[in-house]
Amino acid sequence: GRGTCVGYAKVCVCDPGYVGRLCQARECEASTSFFAYQSGADHDSTFYCSNRGSCDVDTGSCECMAGFEGDACDVLSCPVNETSGSECGDHGTCASLQELAATYGSSYTTAWDATLVKGCTCESDVYVGPFTGETSDYSGYLCDQLSCPFGDDPVSVDVIESAECSNRGTCDRTTGHCSCFPGFCSSNGTGFAGTVGDCGFKSLDCNSV
């Protein structure tokens, strides 16, 4: 049997792991739901399969919806690259909010979602060339986009910016290279010609600098 019949009403008290009037169904894991009204600020109400999956009453296993994982479907998954099948693509690592906060020197350990929400931490300072100082960071939901060098806008006055391509070019997210507008070239980061690759130097002939 899977339970005990008790009292004059002959009610079944199910063994742990079984539910139902006749204790005929296996009980699935329950946890916090991302999409349900909670009784308090700490999200202390729990639901089978976290309302993000269906319970297989024959096995007691949760079948999670896309984007969720865990025994109780209570973990928001990292994105997966459809081509390679890897989490966060080829240039990122999957981590929880707690782990991501620690990466930036912060602490996020007591919130209800600290270990339940995951995201990608992307590779940084990747050399993309051709200039010696031209490095880039991967960004985006799947860490599949490259940022371009940042620098000061050579046209503005009395202010020093940190603008992508120095506001004087467009960024190619696939290569991490700036395509500078006519009359602007790579600078050294201080307004003179250099190898940063940021369009921060004014010149009519970039080949001569």
# chains A, B, ... in the order shown; residues from 1 in each chain; ligands from 1
>>> residues_around(residues="Gly140 in chain A", least_positions_apart="3", cutoff="10 Å", atoms="only C-alpha atoms", output="PDB file with N, CA and C atoms, in the first residue's frame")
ATOM      1  N   CYS A  88      25.178  29.858 -22.962  1.00  0.00           N
ATOM      2  CA  CYS A  88      25.885  31.135 -23.135  1.00  0.00           C
ATOM      3  C   CYS A  88      26.823  31.115 -24.332  1.00  0.00           C
ATOM      4  N   GLY A  92      30.832  32.607 -23.125  1.00  0.00           N
ATOM      5  CA  GLY A  92      30.260  32.984 -21.842  1.00  0.00           C
ATOM      6  C   GLY A  92      30.150  31.807 -20.895  1.00  0.00           C
ATOM      7  N   CYS A 120      24.343  34.948 -18.104  1.00  0.00           N
ATOM      8  CA  CYS A 120      25.652  34.706 -18.704  1.00  0.00           C
ATOM      9  C   CYS A 120      26.651  35.783 -18.273  1.00  0.00           C
ATOM     10  N   THR A 121      27.832  35.358 -17.898  1.00  0.00           N
ATOM     11  CA  THR A 121      28.946  36.281 -17.722  1.00  0.00           C
ATOM     12  C   THR A 121      29.883  36.082 -18.903  1.00  0.00           C
ATOM     13  N   CYS A 122      30.108  37.150 -19.647  1.00  0.00           N
ATOM     14  CA  CYS A 122      30.782  37.052 -20.943  1.00  0.00           C
ATOM     15  C   CYS A 122      32.288  37.305 -20.826  1.00  0.00           C
ATOM     16  N   CYS A 143      26.116  36.229 -25.179  1.00  0.00           N
ATOM     17  CA  CYS A 143      27.547  36.555 -25.280  1.00  0.00           C
ATOM     18  C   CYS A 143      28.046  36.353 -26.710  1.00  0.00           C
ATOM     19  N   ASP A 144      27.225  36.751 -27.678  1.00  0.00           N
ATOM     20  CA  ASP A 144      27.573  36.537 -29.083  1.00  0.00           C
ATOM     21  C   ASP A 144      27.815  37.846 -29.837  1.00  0.00           C
ATOM     22  N   GLN A 145      27.932  38.949 -29.098  1.00  0.00           N
ATOM     23  CA  GLN A 145      28.200  40.234 -29.731  1.00  0.00           C
ATOM     24  C   GLN A 145      29.457  40.844 -29.128  1.00  0.00           C
ATOM     25  N   LEU A 146      30.248  41.468 -29.984  1.00  0.00           N
ATOM     26  CA  LEU A 146      31.466  42.123 -29.526  1.00  0.00           C
ATOM     27  C   LEU A 146      31.235  43.625 -29.393  1.00  0.00           C
ATOM     28  N   SER A 147      31.754  44.183 -28.330  1.00  0.00           N
ATOM     29  CA  SER A 147      31.746  45.635 -28.208  1.00  0.00           C
ATOM     30  C   SER A 147      32.952  46.181 -28.964  1.00  0.00           C
TER      31      SER A 147
END
>>> closest_atom_pairs(of="range 32-149 of chain A", to="range 164-182 of chain A", cutoff="12 Å", atoms="only C-alpha atoms", output="CSV")
residue,atom,partner,partner_atom,distance
A:Ser124,CA,A:Gly176,CA,11.7
A:Asp125,CA,A:Gly176,CA,11.1
A:Val126,CA,A:Gly176,CA,9.5
A:Tyr127,CA,A:Gly176,CA,9.3
A:Val128,CA,A:Gly176,CA,6.6
A:Gly129,CA,A:His177,CA,8.1
A:Pro130,CA,A:His177,CA,8.9
A:Phe131,CA,A:His177,CA,10.0
A:Gly133,CA,A:His177,CA,11.8
A:Glu134,CA,A:His177,CA,8.2
A:Thr135,CA,A:Gly176,CA,8.0
A:Ser136,CA,A:Gly176,CA,6.1
A:Asp137,CA,A:Gly176,CA,8.3
A:Tyr138,CA,A:Gly176,CA,8.8
A:Ser139,CA,A:Arg173,CA,9.3
A:Gly140,CA,A:Arg173,CA,10.1
A:Cys143,CA,A:Arg173,CA,10.9
A:Asp144,CA,A:Thr174,CA,8.0
A:Gln145,CA,A:Arg173,CA,5.2
A:Leu146,CA,A:Arg173,CA,4.8
A:Ser147,CA,A:Gly176,CA,5.4
A:Cys148,CA,A:Gly176,CA,4.7
A:Pro149,CA,A:Cys165,CA,5.8
>>> atom_distance(atom1="CA of Ser77 in chain A", atom2="CA of Ala25 in chain A")
28.1 Å
>>> closest_residue(among="A:Asp158, A:Asp74, A:Gly119, A:Gly194", to="Tyr141 in chain A", atoms="only C-alpha atoms")
A:Gly119
>>> select_by_dssp(residues="range 46-102 of chain A", states="strand (DSSP E)", output="VMD selection string")
chain A and resid 46 to 48 53 to 56 61 to 64 68 to 69 75 to 76 92 to 96
>>> write_last_selection(atoms="C-alpha atoms", output="PDB file, in the first residue's frame")
ATOM      1  CA  THR A  46       5.386  26.940  -3.014  1.00  0.00           C
ATOM      2  CA  PHE A  47       3.735  25.122  -5.904  1.00  0.00           C
ATOM      3  CA  TYR A  48       4.211  21.782  -7.587  1.00  0.00           C
ATOM      4  CA  GLY A  53       6.159  22.518 -15.456  1.00  0.00           C
ATOM      5  CA  SER A  54       3.772  19.595 -15.380  1.00  0.00           C
ATOM      6  CA  CYS A  55       3.858  16.782 -12.852  1.00  0.00           C
ATOM      7  CA  ASP A  56       4.122  13.197 -14.086  1.00  0.00           C
ATOM      8  CA  SER A  61       9.029  13.971 -11.952  1.00  0.00           C
ATOM      9  CA  CYS A  62       8.480  17.486 -13.237  1.00  0.00           C
ATOM     10  CA  GLU A  63       8.546  18.111 -16.960  1.00  0.00           C
ATOM     11  CA  CYS A  64       9.743  21.714 -17.168  1.00  0.00           C
ATOM     12  CA  PHE A  68      13.353  26.412 -16.722  1.00  0.00           C
ATOM     13  CA  GLU A  69      15.258  23.570 -15.093  1.00  0.00           C
ATOM     14  CA  VAL A  75      15.592  27.610 -11.820  1.00  0.00           C
ATOM     15  CA  LEU A  76      15.545  30.104 -14.687  1.00  0.00           C
ATOM     16  CA  GLY A  92      30.260  32.984 -21.842  1.00  0.00           C
ATOM     17  CA  THR A  93      29.750  31.100 -18.600  1.00  0.00           C
ATOM     18  CA  CYS A  94      26.430  30.400 -16.923  1.00  0.00           C
ATOM     19  CA  ALA A  95      26.164  31.660 -13.343  1.00  0.00           C
ATOM     20  CA  SER A  96      23.510  32.423 -10.741  1.00  0.00           C
TER      21      SER A  96
END
>>> atom_distance(atom1="CA of Ser203 in chain A", atom2="CA of Val155 in chain A")
11.8 Å
>>> decode(residues="range 18-143 of chain A", atoms="C-alpha atoms", output="PDB file, in the first residue's frame")
ATOM      1  CA  TYR A  18       2.229  10.021  -2.610  1.00  0.00           C
ATOM      2  CA  VAL A  19      -0.919  12.118  -2.958  1.00  0.00           C
ATOM      3  CA  GLY A  20      -4.511  11.744  -4.050  1.00  0.00           C
ATOM      4  CA  ARG A  21      -7.699  10.423  -2.496  1.00  0.00           C
ATOM      5  CA  LEU A  22      -6.444   6.880  -2.929  1.00  0.00           C
ATOM      6  CA  CYS A  23      -2.733   7.780  -2.650  1.00  0.00           C
ATOM      7  CA  GLN A  24      -2.541   6.728  -6.267  1.00  0.00           C
ATOM      8  CA  ALA A  25      -0.274   9.527  -7.543  1.00  0.00           C
ATOM      9  CA  ARG A  26       3.385  10.252  -7.020  1.00  0.00           C
ATOM     10  CA  GLU A  27       4.058  13.690  -5.564  1.00  0.00           C
ATOM     11  CA  CYS A  28       6.293  16.061  -7.525  1.00  0.00           C
ATOM     12  CA  GLU A  29       8.790  18.509  -6.063  1.00  0.00           C
ATOM     13  CA  ALA A  30       7.413  21.896  -5.042  1.00  0.00           C
ATOM     14  CA  SER A  31       9.205  25.227  -4.909  1.00  0.00           C
ATOM     15  CA  THR A  32       8.798  28.974  -5.372  1.00  0.00           C
ATOM     16  CA  SER A  33       6.861  30.135  -8.400  1.00  0.00           C
ATOM     17  CA  PHE A  34       8.092  33.064 -10.477  1.00  0.00           C
ATOM     18  CA  PHE A  35       4.575  33.745 -11.745  1.00  0.00           C
ATOM     19  CA  ALA A  36       2.113  33.544  -8.861  1.00  0.00           C
ATOM     20  CA  TYR A  37       0.792  35.776  -6.122  1.00  0.00           C
ATOM     21  CA  GLN A  38       2.897  35.313  -3.010  1.00  0.00           C
ATOM     22  CA  SER A  39       1.830  35.564   0.602  1.00  0.00           C
ATOM     23  CA  GLY A  40       4.815  37.683   1.533  1.00  0.00           C
ATOM     24  CA  ALA A  41       7.800  39.594   0.230  1.00  0.00           C
ATOM     25  CA  ASP A  42      10.063  36.557   0.590  1.00  0.00           C
ATOM     26  CA  HIS A  43       8.138  34.437  -1.937  1.00  0.00           C
ATOM     27  CA  ASP A  44       7.405  31.774   0.655  1.00  0.00           C
ATOM     28  CA  SER A  45       4.492  30.145  -1.191  1.00  0.00           C
ATOM     29  CA  THR A  46       5.386  26.940  -3.014  1.00  0.00           C
ATOM     30  CA  PHE A  47       3.735  25.122  -5.904  1.00  0.00           C
ATOM     31  CA  TYR A  48       4.211  21.782  -7.587  1.00  0.00           C
ATOM     32  CA  CYS A  49       6.839  22.135 -10.306  1.00  0.00           C
ATOM     33  CA  SER A  50       6.879  25.839  -9.421  1.00  0.00           C
ATOM     34  CA  ASN A  51       3.991  26.413 -11.848  1.00  0.00           C
ATOM     35  CA  ARG A  52       6.610  26.183 -14.598  1.00  0.00           C
ATOM     36  CA  GLY A  53       6.159  22.518 -15.456  1.00  0.00           C
ATOM     37  CA  SER A  54       3.772  19.595 -15.380  1.00  0.00           C
ATOM     38  CA  CYS A  55       3.858  16.782 -12.852  1.00  0.00           C
ATOM     39  CA  ASP A  56       4.122  13.197 -14.086  1.00  0.00           C
ATOM     40  CA  VAL A  57       2.036  11.425 -11.437  1.00  0.00           C
ATOM     41  CA  ASP A  58       3.448   8.034 -12.443  1.00  0.00           C
ATOM     42  CA  THR A  59       7.071   8.959 -11.756  1.00  0.00           C
ATOM     43  CA  GLY A  60       6.826  12.036  -9.531  1.00  0.00           C
ATOM     44  CA  SER A  61       9.029  13.971 -11.952  1.00  0.00           C
ATOM     45  CA  CYS A  62       8.480  17.486 -13.237  1.00  0.00           C
ATOM     46  CA  GLU A  63       8.546  18.111 -16.960  1.00  0.00           C
ATOM     47  CA  CYS A  64       9.743  21.714 -17.168  1.00  0.00           C
ATOM     48  CA  MET A  65       8.712  24.378 -19.641  1.00  0.00           C
ATOM     49  CA  ALA A  66      11.355  25.788 -21.956  1.00  0.00           C
ATOM     50  CA  GLY A  67      13.707  28.118 -20.100  1.00  0.00           C
ATOM     51  CA  PHE A  68      13.353  26.412 -16.722  1.00  0.00           C
ATOM     52  CA  GLU A  69      15.258  23.570 -15.093  1.00  0.00           C
ATOM     53  CA  GLY A  70      15.750  21.766 -11.780  1.00  0.00           C
ATOM     54  CA  ASP A  71      13.829  19.014  -9.995  1.00  0.00           C
ATOM     55  CA  ALA A  72      11.052  21.501  -9.274  1.00  0.00           C
ATOM     56  CA  CYS A  73      11.463  23.636 -12.429  1.00  0.00           C
ATOM     57  CA  ASP A  74      12.390  26.488 -10.110  1.00  0.00           C
ATOM     58  CA  VAL A  75      15.592  27.610 -11.820  1.00  0.00           C
ATOM     59  CA  LEU A  76      15.545  30.104 -14.687  1.00  0.00           C
ATOM     60  CA  SER A  77      18.006  28.623 -17.167  1.00  0.00           C
ATOM     61  CA  CYS A  78      20.770  30.332 -19.089  1.00  0.00           C
ATOM     62  CA  PRO A  79      20.159  30.743 -22.818  1.00  0.00           C
ATOM     63  CA  VAL A  80      21.471  28.029 -25.124  1.00  0.00           C
ATOM     64  CA  ASN A  81      23.118  28.560 -28.484  1.00  0.00           C
ATOM     65  CA  GLU A  82      20.952  26.623 -30.934  1.00  0.00           C
ATOM     66  CA  THR A  83      23.899  25.870 -33.213  1.00  0.00           C
ATOM     67  CA  SER A  84      26.451  24.611 -30.689  1.00  0.00           C
ATOM     68  CA  GLY A  85      23.996  23.543 -27.986  1.00  0.00           C
ATOM     69  CA  SER A  86      26.130  25.197 -25.308  1.00  0.00           C
ATOM     70  CA  GLU A  87      24.927  27.493 -22.558  1.00  0.00           C
ATOM     71  CA  CYS A  88      25.885  31.135 -23.135  1.00  0.00           C
ATOM     72  CA  GLY A  89      27.343  30.215 -26.516  1.00  0.00           C
ATOM     73  CA  ASP A  90      31.076  29.843 -26.977  1.00  0.00           C
ATOM     74  CA  HIS A  91      32.126  32.999 -25.136  1.00  0.00           C
ATOM     75  CA  GLY A  92      30.260  32.984 -21.842  1.00  0.00           C
ATOM     76  CA  THR A  93      29.750  31.100 -18.600  1.00  0.00           C
ATOM     77  CA  CYS A  94      26.430  30.400 -16.923  1.00  0.00           C
ATOM     78  CA  ALA A  95      26.164  31.660 -13.343  1.00  0.00           C
ATOM     79  CA  SER A  96      23.510  32.423 -10.741  1.00  0.00           C
ATOM     80  CA  LEU A  97      22.758  35.935  -9.509  1.00  0.00           C
ATOM     81  CA  GLN A  98      24.677  35.091  -6.355  1.00  0.00           C
ATOM     82  CA  GLU A  99      27.735  34.049  -8.369  1.00  0.00           C
ATOM     83  CA  LEU A 100      27.466  37.016 -10.727  1.00  0.00           C
ATOM     84  CA  ALA A 101      27.312  39.458  -7.815  1.00  0.00           C
ATOM     85  CA  ALA A 102      30.453  37.930  -6.310  1.00  0.00           C
ATOM     86  CA  THR A 103      32.221  38.397  -9.652  1.00  0.00           C
ATOM     87  CA  TYR A 104      31.716  42.156  -9.314  1.00  0.00           C
ATOM     88  CA  GLY A 105      32.661  42.264  -5.645  1.00  0.00           C
ATOM     89  CA  SER A 106      29.099  42.436  -4.336  1.00  0.00           C
ATOM     90  CA  SER A 107      26.983  40.138  -2.212  1.00  0.00           C
ATOM     91  CA  TYR A 108      23.584  38.755  -3.172  1.00  0.00           C
ATOM     92  CA  THR A 109      22.948  35.765  -0.963  1.00  0.00           C
ATOM     93  CA  THR A 110      19.746  36.224   1.025  1.00  0.00           C
ATOM     94  CA  ALA A 111      17.201  37.141  -1.663  1.00  0.00           C
ATOM     95  CA  TRP A 112      14.749  34.411  -2.646  1.00  0.00           C
ATOM     96  CA  ASP A 113      16.045  34.298  -6.235  1.00  0.00           C
ATOM     97  CA  ALA A 114      19.791  34.417  -5.457  1.00  0.00           C
ATOM     98  CA  THR A 115      20.381  30.865  -6.721  1.00  0.00           C
ATOM     99  CA  LEU A 116      17.264  30.506  -8.868  1.00  0.00           C
ATOM    100  CA  VAL A 117      17.948  33.046 -11.630  1.00  0.00           C
ATOM    101  CA  LYS A 118      20.864  32.429 -13.963  1.00  0.00           C
ATOM    102  CA  GLY A 119      22.543  34.565 -16.577  1.00  0.00           C
ATOM    103  CA  CYS A 120      25.652  34.706 -18.704  1.00  0.00           C
ATOM    104  CA  THR A 121      28.946  36.281 -17.722  1.00  0.00           C
ATOM    105  CA  CYS A 122      30.782  37.052 -20.943  1.00  0.00           C
ATOM    106  CA  GLU A 123      34.470  36.957 -21.842  1.00  0.00           C
ATOM    107  CA  SER A 124      36.264  40.296 -21.705  1.00  0.00           C
ATOM    108  CA  ASP A 125      39.478  41.870 -22.968  1.00  0.00           C
ATOM    109  CA  VAL A 126      39.552  39.686 -26.069  1.00  0.00           C
ATOM    110  CA  TYR A 127      42.128  40.739 -28.657  1.00  0.00           C
ATOM    111  CA  VAL A 128      40.418  41.418 -31.977  1.00  0.00           C
ATOM    112  CA  GLY A 129      43.210  43.352 -33.785  1.00  0.00           C
ATOM    113  CA  PRO A 130      44.554  44.614 -36.013  1.00  0.00           C
ATOM    114  CA  PHE A 131      45.804  47.361 -33.693  1.00  0.00           C
ATOM    115  CA  THR A 132      47.862  46.257 -30.720  1.00  0.00           C
ATOM    116  CA  GLY A 133      45.496  47.933 -28.259  1.00  0.00           C
ATOM    117  CA  GLU A 134      42.289  46.809 -29.880  1.00  0.00           C
ATOM    118  CA  THR A 135      40.535  44.532 -27.427  1.00  0.00           C
ATOM    119  CA  SER A 136      36.844  43.876 -26.980  1.00  0.00           C
ATOM    120  CA  ASP A 137      34.312  42.416 -24.573  1.00  0.00           C
ATOM    121  CA  TYR A 138      31.627  39.953 -25.522  1.00  0.00           C
ATOM    122  CA  SER A 139      28.117  41.023 -24.595  1.00  0.00           C
ATOM    123  CA  GLY A 140      24.491  40.252 -25.299  1.00  0.00           C
ATOM    124  CA  TYR A 141      22.020  37.666 -24.065  1.00  0.00           C
ATOM    125  CA  LEU A 142      24.145  34.832 -25.501  1.00  0.00           C
ATOM    126  CA  CYS A 143      27.547  36.555 -25.280  1.00  0.00           C
TER     127      CYS A 143
END
